[in-house]
file structure-v4.csv (CSV, C-alpha atoms and all ligand atoms)
chain,number,residue,atom,x,y,z
A,24,MET,CA,86.9,118.0,77.1
A,25,LEU,CA,88.0,114.5,77.9
A,26,SER,CA,86.8,111.6,75.8
A,27,PRO,CA,85.1,108.7,77.6
A,28,ARG,CA,88.3,106.6,77.5
A,29,GLN,CA,90.4,109.6,78.8
A,30,ARG,CA,87.8,110.1,81.6
A,31,GLN,CA,88.0,106.4,82.5
A,32,ASP,CA,91.8,106.5,82.5
A,33,LYS,CA,91.8,109.6,84.7
A,34,ASN,CA,89.6,107.7,87.2
A,35,VAL,CA,92.0,104.7,87.0
A,36,ARG,CA,95.0,107.0,87.6
A,37,ALA,CA,93.2,108.6,90.6
A,38,THR,CA,93.1,105.2,92.3
A,39,ASP,CA,96.7,105.8,93.1
A,40,LEU,CA,95.7,108.6,95.4
A,41,ASP,CA,93.5,106.2,97.3
A,42,ALA,CA,96.5,103.8,97.7
A,43,LEU,CA,98.8,106.6,98.7
A,44,SER,CA,96.3,108.0,101.3
A,45,CYS,CA,95.8,104.6,102.8
A,46,ARG,CA,99.6,104.1,103.1
A,47,SER,CA,99.9,107.6,104.6
A,48,SER,CA,97.2,106.9,107.1
A,49,ALA,CA,98.7,103.5,108.2
A,50,ASN,CA,102.1,105.2,108.5
A,51,ARG,CA,100.7,107.9,110.7
A,52,LYS,CA,99.1,105.4,113.0
A,53,GLY,CA,102.4,103.6,113.4
A,54,TYR,CA,101.7,100.4,111.5
A,55,PHE,CA,104.9,100.5,109.5
A,56,ASN,CA,108.0,99.6,111.5
A,57,PRO,CA,110.3,101.4,110.7
A,58,PRO,CA,108.1,104.2,109.5
A,59,ASP,CA,108.0,104.9,105.8
A,60,VAL,CA,110.0,108.1,105.2
A,61,TYR,CA,109.2,108.4,101.5
A,62,ILE,CA,105.4,108.7,101.5
A,63,ASP,CA,105.3,112.4,102.4
A,64,GLU,CA,107.5,113.2,99.4
A,65,LEU,CA,105.0,111.7,97.0
A,66,ILE,CA,102.1,113.6,98.7
A,67,ILE,CA,104.1,116.9,98.3
A,68,SER,CA,104.5,116.1,94.6
A,69,TYR,CA,100.7,115.4,94.2
A,70,ASN,CA,99.9,118.6,96.1
A,71,LYS,CA,102.0,120.6,93.7
A,72,HIS,CA,101.4,118.9,90.4
A,73,LEU,CA,97.9,117.2,90.3
A,74,GLN,CA,96.5,120.6,89.2
A,75,PHE,CA,98.5,120.3,85.9
A,76,CYS,CA,97.3,116.8,85.1
A,77,SER,CA,94.7,116.4,82.3
A,78,GLY,CA,91.2,117.0,83.4
A,79,TYR,CA,92.2,118.9,86.6
A,80,THR,CA,92.1,122.6,87.5
A,81,ASN,CA,93.7,124.2,90.5
A,82,LEU,CA,90.3,124.1,92.2
A,83,SER,CA,89.4,120.5,91.3
A,84,ALA,CA,92.8,119.2,92.2
A,85,SER,CA,92.7,120.8,95.7
A,86,ARG,CA,89.2,119.5,96.2
A,87,THR,CA,90.3,115.9,95.2
A,88,LEU,CA,93.3,116.0,97.4
A,89,ARG,CA,91.4,117.4,100.4
A,90,SER,CA,88.7,114.8,100.1
A,91,VAL,CA,91.2,111.9,99.7
A,92,PHE,CA,93.7,112.9,102.4
A,93,ASN,CA,91.4,114.4,105.0
A,94,GLU,CA,89.2,111.3,105.1
A,95,GLN,CA,89.8,109.2,108.3
A,96,LYS,CA,90.5,105.6,107.5
A,97,PHE,CA,88.8,102.9,109.4
A,98,PRO,CA,91.2,100.7,111.6
A,99,LEU,CA,90.3,97.7,109.3
A,100,ILE,CA,91.5,99.7,106.3
A,101,ASN,CA,94.8,100.6,108.0
A,102,ARG,CA,95.2,97.0,109.0
A,103,GLY,CA,94.6,95.8,105.4
A,104,THR,CA,97.0,98.4,104.0
A,105,TYR,CA,99.7,97.3,106.5
A,106,LEU,CA,99.2,93.6,105.7
A,107,ARG,CA,99.3,94.0,101.9
A,108,THR,CA,102.4,96.3,102.1
A,109,LYS,CA,104.2,94.1,104.6
A,110,VAL,CA,103.5,90.8,102.8
A,111,LEU,CA,104.5,92.1,99.4
A,112,TYR,CA,107.6,93.8,100.7
A,113,ASP,CA,108.8,90.7,102.5
A,114,LEU,CA,108.0,88.3,99.7
A,115,VAL,CA,109.9,90.4,97.1
A,116,SER,CA,112.7,91.0,99.6
A,117,SER,CA,113.1,87.2,100.0
A,118,PHE,CA,113.1,86.8,96.3
A,119,CYS,CA,115.9,89.3,96.0
A,120,LYS,CA,117.9,87.6,98.7
A,121,GLU,CA,117.5,84.2,97.1
A,122,PHE,CA,118.4,85.3,93.5
A,123,ALA,CA,121.0,87.9,94.5
A,124,ALA,CA,121.5,90.0,91.4
A,125,CYS,CA,117.9,90.5,90.2
A,126,GLN,CA,115.2,92.8,88.8
A,127,ILE,CA,111.8,93.9,89.9
A,128,ILE,CA,109.4,95.3,87.4
A,129,SER,CA,106.5,97.1,89.0
A,130,LEU,CA,103.5,97.5,86.7
A,131,GLY,CA,101.3,100.5,87.6
A,132,GLY,CA,103.7,101.4,90.4
A,133,GLY,CA,102.0,104.7,91.0
A,134,SER,CA,103.2,106.4,94.1
A,135,ASP,CA,104.2,103.2,95.8
A,136,THR,CA,107.3,103.6,97.9
A,137,LYS,CA,108.3,100.0,98.3
A,138,SER,CA,110.7,100.3,95.4
A,139,PHE,CA,112.7,103.0,97.2
A,140,GLN,CA,112.9,100.7,100.2
A,141,TRP,CA,114.2,97.8,98.1
A,142,LEU,CA,116.8,100.1,96.5
A,143,GLU,CA,117.8,101.2,100.0
A,144,ASN,CA,118.0,97.8,101.6
A,145,ILE,CA,119.0,95.4,98.8
A,146,GLU,CA,122.3,96.3,97.1
A,147,SER,CA,122.0,94.1,94.0
A,148,VAL,CA,118.4,94.9,92.9
A,149,ARG,CA,117.4,96.8,89.8
A,150,VAL,CA,113.9,98.3,89.8
A,151,ILE,CA,111.8,99.4,86.8
A,152,GLU,CA,108.5,101.1,87.4
A,153,ILE,CA,105.9,101.6,84.7
A,154,ASP,CA,102.7,103.7,84.8
A,155,PHE,CA,100.7,106.1,82.7
A,156,VAL,CA,102.8,109.1,81.6
A,157,GLU,CA,101.2,111.6,84.0
A,158,SER,CA,101.5,109.3,87.0
A,159,VAL,CA,105.2,108.7,86.2
A,160,LYS,CA,105.8,112.5,86.0
A,161,ILE,CA,104.4,112.9,89.5
A,162,LYS,CA,106.9,110.4,90.8
A,163,LYS,CA,109.7,111.8,88.7
A,164,LEU,CA,109.1,115.3,90.1
A,165,ALA,CA,108.9,113.9,93.6
A,166,ILE,CA,112.4,112.3,93.1
A,167,LEU,CA,113.9,115.4,91.5
A,168,ASN,CA,112.6,117.7,94.2
A,169,SER,CA,113.4,115.5,97.2
A,170,PRO,CA,117.0,115.0,98.4
A,171,LYS,CA,115.8,111.9,100.2
A,172,LEU,CA,114.4,110.2,97.1
A,173,SER,CA,117.2,111.4,94.8
A,174,LYS,CA,119.7,109.9,97.2
A,175,VAL,CA,118.0,106.6,97.4
A,176,VAL,CA,117.8,106.2,93.6
A,177,GLY,CA,121.4,107.3,93.4
A,178,GLN,CA,121.1,110.5,91.5
A,179,THR,CA,121.5,113.7,93.3
A,180,SER,CA,121.3,117.2,91.8
A,181,ASP,CA,121.2,120.6,93.5
A,182,GLU,CA,118.5,121.9,91.1
A,183,SER,CA,114.9,121.4,91.8
A,184,VAL,CA,112.4,121.4,88.9
A,185,ILE,CA,109.6,123.9,89.0
A,186,ILE,CA,106.4,123.2,87.1
A,187,SER,CA,104.0,126.1,86.9
A,188,SER,CA,101.5,125.3,84.1
A,189,HIS,CA,99.7,122.6,82.3
A,190,GLN,CA,102.1,123.3,79.4
A,191,SER,CA,105.3,122.9,81.4
A,192,PHE,CA,103.9,119.7,82.9
A,193,GLU,CA,103.0,118.3,79.5
A,194,SER,CA,106.4,119.1,78.0
A,195,LEU,CA,108.3,117.4,80.9
A,196,ASP,CA,110.0,114.2,79.8
A,197,PRO,CA,108.3,111.5,81.8
A,198,GLU,CA,111.3,109.1,82.0
A,199,PHE,CA,113.8,108.9,84.7
A,200,HIS,CA,116.9,106.7,84.5
A,201,ALA,CA,119.5,106.0,87.2
A,202,ASP,CA,121.9,103.1,87.5
A,203,ARG,CA,119.5,100.8,89.4
A,204,TYR,CA,116.2,102.6,88.9
A,205,HIS,CA,114.1,103.4,85.9
A,206,LEU,CA,110.7,105.1,85.6
A,207,ILE,CA,108.9,104.5,82.3
A,208,GLY,CA,105.7,106.2,81.2
A,209,CYS,CA,103.5,104.0,79.0
A,210,ASP,CA,100.0,102.6,78.8
A,211,LEU,CA,100.3,98.9,79.5
A,212,ARG,CA,97.5,98.2,77.0
A,213,GLU,CA,100.0,99.3,74.3
A,214,ILE,CA,102.9,97.2,75.4
A,215,LYS,CA,102.8,95.2,72.1
A,216,GLU,CA,103.3,98.3,70.0
A,217,LYS,CA,106.9,98.4,68.7
A,218,SER,CA,107.8,101.9,69.8
A,219,VAL,CA,106.4,101.2,73.3
A,220,SER,CA,108.1,97.8,73.7
A,221,ASP,CA,111.4,99.0,72.2
A,222,ASN,CA,111.5,101.8,74.8
A,223,LEU,CA,110.5,99.5,77.6
A,224,TYR,CA,113.0,96.7,76.8
A,225,LYS,CA,115.8,99.2,76.5
A,226,CYS,CA,115.7,99.5,80.3
A,227,ILE,CA,114.8,95.9,81.1
A,228,ASP,CA,117.6,93.4,81.5
A,229,THR,CA,116.3,90.1,80.1
A,230,SER,CA,119.3,88.2,81.4
A,231,LEU,CA,118.5,88.8,85.1
A,232,PRO,CA,116.1,86.8,87.3
A,233,THR,CA,113.0,89.0,87.3
A,234,LEU,CA,109.8,89.4,89.3
A,235,VAL,CA,107.0,91.4,87.7
A,236,LEU,CA,104.8,92.9,90.4
A,237,SER,CA,101.2,94.0,89.9
A,238,GLU,CA,99.5,95.4,93.0
A,239,CYS,CA,95.9,96.4,92.2
A,240,VAL,CA,96.7,97.2,88.6
A,241,LEU,CA,95.8,94.4,86.3
A,242,CYS,CA,92.2,94.4,87.7
A,243,TYR,CA,91.6,97.6,85.7
A,244,LEU,CA,92.3,95.8,82.5
A,245,SER,CA,90.3,93.2,80.6
A,246,PRO,CA,91.3,89.5,80.9
A,247,GLU,CA,92.5,89.6,77.3
A,248,GLU,CA,94.7,92.6,78.1
A,249,ASN,CA,96.0,90.8,81.3
A,250,LYS,CA,96.9,87.8,79.1
A,251,MET,CA,98.6,89.9,76.5
A,252,ILE,CA,100.7,91.8,79.1
A,253,LEU,CA,101.8,88.6,80.9
A,254,ASN,CA,102.6,86.9,77.6
A,255,ASN,CA,104.6,89.9,76.5
A,256,PHE,CA,106.9,89.4,79.4
A,257,SER,CA,106.9,85.6,79.2
A,258,GLU,CA,108.1,85.8,75.5
A,259,ALA,CA,110.7,88.5,76.2
A,260,PHE,CA,112.3,86.3,78.9
A,261,LEU,CA,111.8,82.9,77.2
A,262,ASN,CA,115.1,80.9,77.4
A,263,LYS,CA,116.9,83.9,78.7
A,264,ALA,CA,116.3,84.2,82.5
A,265,TYR,CA,114.0,83.2,85.3
A,266,LEU,CA,110.7,85.1,85.3
A,267,SER,CA,107.8,85.2,87.8
A,268,PHE,CA,104.7,87.3,88.5
A,269,LEU,CA,103.4,88.5,91.8
A,270,ILE,CA,99.8,89.7,91.6
A,271,TYR,CA,97.7,91.3,94.4
A,272,GLU,CA,94.1,92.0,93.5
A,273,PRO,CA,90.5,92.2,94.7
A,274,MET,CA,88.1,89.5,93.7
A,275,SER,CA,84.3,89.4,93.7
A,276,LEU,CA,83.8,85.8,95.0
A,277,ASN,CA,80.4,86.3,93.2
A,278,ASP,CA,78.8,87.2,96.5
A,279,THR,CA,76.9,90.2,97.9
A,280,PHE,CA,80.1,91.9,99.3
A,281,GLY,CA,81.7,91.5,95.8
A,282,THR,CA,78.6,93.1,94.2
A,283,THR,CA,78.8,96.1,96.7
A,284,MET,CA,82.5,96.5,95.8
A,285,THR,CA,81.6,96.5,92.1
A,286,ASN,CA,78.8,99.1,92.6
A,287,ASN,CA,81.0,101.4,94.7
A,288,LEU,CA,83.7,101.4,92.1
A,289,SER,CA,81.3,101.8,89.2
A,290,ASN,CA,79.8,104.9,91.0
A,291,ARG,CA,83.3,106.4,90.7
A,292,GLY,CA,83.5,105.5,87.0
A,293,LEU,CA,85.7,102.4,87.5
A,294,ASN,CA,85.2,99.0,86.1
A,295,LEU,CA,87.0,96.0,87.4
A,296,TYR,CA,87.0,93.9,84.3
A,297,THR,CA,88.4,90.8,86.0
A,298,PHE,CA,85.6,90.7,88.5
A,299,ASP,CA,83.2,88.7,86.4
A,300,HIS,CA,85.8,86.5,84.6
A,301,LEU,CA,88.1,85.8,87.5
A,302,PRO,CA,85.9,85.9,90.6
A,303,ASP,CA,87.8,83.5,92.8
A,304,LEU,CA,91.1,81.6,93.4
A,305,THR,CA,90.1,78.6,91.3
A,306,SER,CA,89.2,80.7,88.2
A,307,ARG,CA,92.4,82.7,88.7
A,308,TYR,CA,94.5,79.5,88.9
A,309,LYS,CA,92.9,78.2,85.6
A,310,PHE,CA,93.5,81.6,83.9
A,311,MET,CA,97.2,81.7,84.9
A,312,HIS,CA,97.9,78.0,84.4
A,313,ASP,CA,95.8,77.1,81.4
A,314,GLU,CA,95.3,80.4,79.5
A,315,CYS,CA,98.6,82.1,80.2
A,316,CYS,CA,100.5,78.8,80.2
A,317,ILE,CA,102.4,79.4,83.4
A,318,PRO,CA,103.1,75.9,85.0
A,319,ASN,CA,103.8,76.8,88.6
A,320,VAL,CA,101.0,78.9,90.1
A,321,LYS,CA,100.4,79.5,93.8
A,322,LEU,CA,97.4,81.4,95.2
A,323,THR,CA,95.9,82.4,98.5
A,324,ASP,CA,93.7,85.0,100.0
A,325,MET,CA,94.6,87.7,102.5
A,326,SER,CA,92.3,86.4,105.3
A,327,THR,CA,94.4,83.2,105.2
A,328,VAL,CA,97.6,85.1,105.0
A,329,ALA,CA,96.7,87.2,108.1
A,330,GLY,CA,95.7,84.0,110.0
A,331,TYR,CA,92.0,85.0,110.3
A,332,GLU,CA,91.1,81.8,108.5
A,333,GLY,CA,92.6,78.5,107.7
A,334,ILE,CA,94.4,77.8,111.0
A,335,LYS,CA,92.3,74.7,111.6
A,336,GLU,CA,93.2,73.5,108.1
A,337,GLY,CA,96.9,73.8,108.9
A,338,PHE,CA,97.6,77.2,107.1
A,339,LYS,CA,100.1,79.3,109.0
A,340,PRO,CA,99.8,83.1,109.0
A,341,TRP,CA,102.5,85.0,107.1
A,342,ILE,CA,103.0,87.6,109.7
A,343,ASP,CA,104.8,86.6,112.9
A,344,ASP,CA,103.2,86.7,116.3
A,345,ALA,CA,105.3,89.6,117.6
A,346,ASP,CA,104.2,91.8,114.7
A,347,LEU,CA,100.6,90.8,115.1
A,348,LEU,CA,100.7,91.6,118.8
A,349,ARG,CA,102.3,95.0,117.9
A,350,ILE,CA,99.6,96.0,115.4
A,351,ASN,CA,96.8,94.7,117.6
A,352,LYS,CA,97.8,97.4,120.2
A,353,LEU,CA,97.7,100.2,117.7
A,354,GLU,CA,93.9,100.4,117.1
A,355,LEU,CA,91.0,98.5,118.5
A,356,VAL,CA,89.5,96.3,115.7
A,357,ASP,CA,86.7,94.2,117.0
A,358,GLU,CA,84.8,93.6,113.7
A,359,ILE,CA,86.6,90.3,113.1
A,360,GLU,CA,83.8,89.0,110.8
A,361,GLU,CA,84.1,92.2,108.8
A,362,ILE,CA,87.8,91.8,108.5
A,363,LYS,CA,87.6,88.2,107.4
A,364,LEU,CA,85.0,89.2,104.8
A,365,LEU,CA,87.0,92.1,103.4
A,366,PHE,CA,90.4,90.2,103.4
A,367,ARG,CA,88.8,87.1,101.8
A,368,HIS,CA,88.1,89.3,98.8
A,369,TYR,CA,91.8,90.0,98.1
A,370,CYS,CA,94.1,87.5,96.5
A,371,LEU,CA,97.7,87.0,96.2
A,372,CYS,CA,99.2,85.0,93.3
A,373,TYR,CA,102.8,83.9,92.6
A,374,ALA,CA,103.4,82.4,89.2
A,375,GLU,CA,106.7,81.2,87.8
A,376,LEU,CA,107.9,80.2,84.4
A,377,PRO,CA,110.3,77.3,84.0
A,378,TYR,CA,113.9,78.2,83.4
A,379,GLY,CA,116.4,75.3,83.9
A,380,ASP,CA,116.3,74.2,87.5
A,381,LYS,CA,115.6,77.7,88.8
A,382,HIS,CA,112.8,78.0,91.3
A,383,PHE,CA,112.0,80.5,94.0
A,384,ARG,CA,112.6,78.0,96.9
A,385,SER,CA,111.5,80.3,99.8
A,386,LEU,CA,108.1,80.1,98.2
A,387,GLU,CA,107.6,76.8,100.0
A,388,ALA,CA,108.0,78.4,103.3
A,389,TYR,CA,104.7,80.3,102.8
A,390,HIS,CA,101.3,78.5,103.0
A,391,TRP,CA,99.2,78.9,99.9
A,392,ARG,CA,95.6,77.8,99.4
A,393,ILE,CA,96.3,76.5,95.9
B,401,LIG,C1,95.3,101.3,92.6
B,401,LIG,S1,96.7,102.1,91.9
B,401,LIG,C2,98.0,101.1,92.6
B,401,LIG,C3,99.3,101.7,92.6
B,401,LIG,C4,100.4,100.9,93.2
B,401,LIG,N1,100.6,99.6,92.5
B,401,LIG,C5,100.1,100.6,94.7
B,401,LIG,O1,99.7,99.4,95.0
B,401,LIG,O2,100.2,101.5,95.5
B,401,LIG,C6,96.6,101.5,90.2
B,401,LIG,C7,97.8,102.0,89.4
B,401,LIG,O3,97.8,101.3,88.1
B,401,LIG,C8,98.1,102.3,87.1
B,401,LIG,N2,97.5,101.7,85.8
B,401,LIG,C9,96.3,101.2,85.6
B,401,LIG,N3,96.1,100.9,84.3
B,401,LIG,C10,97.3,101.2,83.7
B,401,LIG,C11,97.7,101.1,82.3
B,401,LIG,N4,96.9,100.6,81.4
B,401,LIG,N5,99.0,101.4,82.0
B,401,LIG,C12,99.8,101.9,83.0
B,401,LIG,N6,99.4,102.1,84.3
B,401,LIG,C13,98.2,101.7,84.6
B,401,LIG,C14,97.3,103.5,87.6
B,401,LIG,O4,97.8,104.7,86.9
B,401,LIG,C15,97.7,103.5,89.0
B,401,LIG,O5,98.9,104.2,89.3
call {"tool": "encode", "arguments": {"input": "structure-v4.csv", "output": "structure tokens"}}
result
Amino acid sequence: MLSPRQRQDKNVRATDLDALSCRSSANRKGYFNPPDVYIDELIISYNKHLQFCSGYTNLSASRTLRSVFNEQKFPLINRGTYLRTKVLYDLVSSFCKEFAACQIISLGGGSDTKSFQWLENIESVRVIEIDFVESVKIKKLAILNSPKLSKVVGQTSDESVIISSHQSFESLDPEFHADRYHLIGCDLREIKEKSVSDNLYKCIDTSLPTLVLSECVLCYLSPEENKMILNNFSEAFLNKAYLSFLIYEPMSLNDTFGTTMTNNLSNRGLNLYTFDHLPDLTSRYKFMHDECCIPNVKLTDMSTVAGYEGIKEGFKPWIDDADLLRINKLELVDEIEEIKLLFRHYCLCYAELPYGDKHFRSLEAYHWRI
């Protein structure tokens, strides 16, 4: 029997399946150019191993996977997935180009495949991915059993790893370490505990310019936990190297659509703790700037990023015309008001700490609302 907290954590971990199924759907529809060749390897790992995760049986795992992956995604969801993936990928890539030798720390990286693409395309980047122990094991098994993934992280072996029971899954070491890539299993809420932080900072190089990425992760934690996690990184890098945060999250805007989002999630046993406290860009700016003491904070919403709003006010879309034209041809999306409404409820935040005269200069090329 799972405790209420374990049940809640199981639901939070399962949000990764939604993210993966959305990426898989967008990929199949041709949104990603070039196509993402890593997504299927993660799906294979979930198909084989979800049944061994806590709270699942063979039957409930196949039911979950069927319902998540068989569901047809609306064009507007595919478009949103594409936009989020493309914008975050490009922004982080331009960070890596500007800072040359650098490090990306992905909080709650789940089955995201952008890390593999950064490793493939950017020679001097180190990537550290952190997630719950079970989620990290799914990714580790995907890497160990996939020649494609093993190759991209720079560690090939001829032996595949066979997991055939809850027990063998549980006894698998969750960590994976290669020269430029590290997978670490931990609960971010415990980041201040000495054993957790010692283990984490063994893999993190605090002398490198670093970007901490959180894509739909911190929203599942309370504002106090958000602050504690951000402060933990800020303190670790203080006077040692440039540090910044890139955060992508839903926000409630305190409107009817936000209330519907909250209700849908709470029906699935999920609480978005930041929804009440950080409902919009202004409150998020205050939180990052005043409470987390980060001096340079930029924020915008995805409707502005995509060019659905803000053009008259002088905001330029972040996606170029040729790409917009290309994705417009993939699927007919005529519910423009619905797209605006949905995209307005997702925010993007870049926040950097002072370190000498270091600054992510390419940031100025993007149009931010705040
Ligand atoms: C919606 S998924 C997003 C996954 C990935 N960032 C993406 O965008 O595709 C949320 C992820 O955050 C992870 N997560 C949430 N709370 C966490 C915590 N307290 N510690 C570690 N990981 C956590 C979940 O396990 C899950 O993989």
call {"tool": "residues_around", "arguments": {"input": "structure-v4.csv", "residues": "Leu266 in chain A", "least_positions_apart": "5", "cutoff": "8 Å", "atoms": "all atoms listed in the file", "output": "PyMOL selection string"}}
result
chain A and resi 232-235+257+260+375-378
call {"tool": "write_last_selection", "arguments": {"input": "structure-v4.csv", "atoms": "C-alpha atoms", "output": "PDB file, keeping the file's coordinate frame"}}
result
ATOM      1  CA  PRO A 232     116.100  86.800  87.300  1.00  0.00           C
ATOM      2  CA  THR A 233     113.000  89.000  87.300  1.00  0.00           C
ATOM      3  CA  LEU A 234     109.800  89.400  89.300  1.00  0.00           C
ATOM      4  CA  VAL A 235     107.000  91.400  87.700  1.00  0.00           C
ATOM      5  CA  SER A 257     106.900  85.600  79.200  1.00  0.00           C
ATOM      6  CA  PHE A 260     112.300  86.300  78.900  1.00  0.00           C
ATOM      7  CA  GLU A 375     106.700  81.200  87.800  1.00  0.00           C
ATOM      8  CA  LEU A 376     107.900  80.200  84.400  1.00  0.00           C
ATOM      9  CA  PRO A 377     110.300  77.300  84.000  1.00  0.00           C
ATOM     10  CA  TYR A 378     113.900  78.200  83.400  1.00  0.00           C
TER      11      TYR A 378
END
call {"tool": "closest_atom_pairs", "arguments": {"input": "structure-v4.csv", "of": "chain A", "to": "ligand LIG 401 (chain B)", "cutoff": "6 Å", "atoms": "all atoms listed in the file", "output": "tab-separated table"}}
result
residue	atom	partner	partner_atom	distance
A:Val35	CA	B:LIG401	C14	5.5
A:Arg36	CA	B:LIG401	O4	3.7
A:Thr38	CA	B:LIG401	C1	4.5
A:Asp39	CA	B:LIG401	S1	3.9
A:Ala42	CA	B:LIG401	O2	4.9
A:Gly131	CA	B:LIG401	O3	3.6
A:Gly132	CA	B:LIG401	N1	4.2
A:Gly133	CA	B:LIG401	O5	3.6
A:Ser134	CA	B:LIG401	O2	5.9
A:Asp135	CA	B:LIG401	O2	4.4
A:Asp154	CA	B:LIG401	N6	3.7
A:Phe155	CA	B:LIG401	C12	4.3
A:Ser158	CA	B:LIG401	O4	5.9
A:Cys209	CA	B:LIG401	C12	5.8
A:Asp210	CA	B:LIG401	N5	3.6
A:Leu211	CA	B:LIG401	N5	3.8
A:Arg212	CA	B:LIG401	N4	5.0
A:Glu238	CA	B:LIG401	N1	4.4
A:Cys239	CA	B:LIG401	C1	5.0
A:Val240	CA	B:LIG401	O3	4.3
A:Tyr243	CA	B:LIG401	N3	5.8
call {"tool": "closest_residue", "arguments": {"input": "structure-v4.csv", "among": "A:Leu106, A:Asn286, A:Leu142, A:Lys321", "to": "Leu347 in chain A", "atoms": "all atoms listed in the file"}}
result
A:Leu106
call {"tool": "residues_around", "arguments": {"input": "structure-v4.csv", "residues": "Ile185 in chain A", "least_positions_apart": "6", "cutoff": "9 Å", "atoms": "all atoms listed in the file", "output": "PyMOL selection string"}}
result
chain A and resi 164+168+191
call {"tool": "closest_residue", "arguments": {"input": "structure-v4.csv", "among": "A:Tyr54, A:Gln74, A:Glu157, A:Leu40", "to": "Ser90 in chain A", "atoms": "only C-alpha atoms"}}
result
A:Leu40
call {"tool": "closest_residue", "arguments": {"input": "structure-v4.csv", "among": "A:Ser173, A:Ser117, A:Asn277, A:Thr104", "to": "Ala388 in chain A", "atoms": "all atoms listed in the file"}}
result
A:Ser117
call {"tool": "build_atoms", "arguments": {"input": "structure-v4.csv", "residues": "range 45-56 of chain A", "atoms": "N, CA, C and O atoms", "output": "short mmCIF file (atom, residue, chain, number, x, y, z; two decimals), in the coordinates of the input"}}
result
data_model
loop_
_atom_site.label_atom_id
_atom_site.label_comp_id
_atom_site.auth_asym_id
_atom_site.auth_seq_id
_atom_site.Cartn_x
_atom_site.Cartn_y
_atom_site.Cartn_z
N CYS A 45 95.91 105.70 101.83
CA CYS A 45 95.80 104.60 102.80
C CYS A 45 97.18 104.30 103.41
O CYS A 45 97.29 104.09 104.63
N ARG A 46 98.22 104.33 102.58
CA ARG A 46 99.60 104.10 103.10
C ARG A 46 99.96 105.21 104.10
O ARG A 46 100.55 104.96 105.15
N SER A 47 99.57 106.44 103.75
CA SER A 47 99.90 107.60 104.60
C SER A 47 99.20 107.43 105.96
O SER A 47 99.79 107.66 107.02
N SER A 48 97.92 107.02 105.91
CA SER A 48 97.20 106.90 107.10
C SER A 48 97.78 105.76 108.03
O SER A 48 98.00 105.96 109.23
N ALA A 49 98.09 104.61 107.41
CA ALA A 49 98.70 103.50 108.20
C ALA A 49 100.03 103.93 108.77
O ALA A 49 100.38 103.58 109.90
N ASN A 50 100.77 104.70 108.00
CA ASN A 50 102.10 105.20 108.50
C ASN A 50 101.92 106.08 109.67
O ASN A 50 102.63 105.94 110.67
N ARG A 51 100.96 107.00 109.60
CA ARG A 51 100.70 107.90 110.70
C ARG A 51 100.30 107.22 111.98
O ARG A 51 100.61 107.62 113.09
N LYS A 52 99.55 106.12 111.78
CA LYS A 52 99.10 105.40 113.00
C LYS A 52 100.13 104.45 113.53
O LYS A 52 99.88 103.72 114.49
N GLY A 53 101.30 104.39 112.89
CA GLY A 53 102.40 103.60 113.40
C GLY A 53 102.44 102.15 112.99
O GLY A 53 103.12 101.32 113.60
N TYR A 54 101.69 101.82 111.93
CA TYR A 54 101.70 100.40 111.50
C TYR A 54 103.05 100.00 110.89
O TYR A 54 103.48 98.87 111.08
N PHE A 55 103.68 100.92 110.16
CA PHE A 55 104.90 100.50 109.50
C PHE A 55 106.10 100.67 110.50
O PHE A 55 106.24 101.70 111.15
N ASN A 56 106.90 99.65 110.56
CA ASN A 56 108.00 99.60 111.50
C ASN A 56 109.24 99.09 110.78
O ASN A 56 109.29 97.90 110.49
#
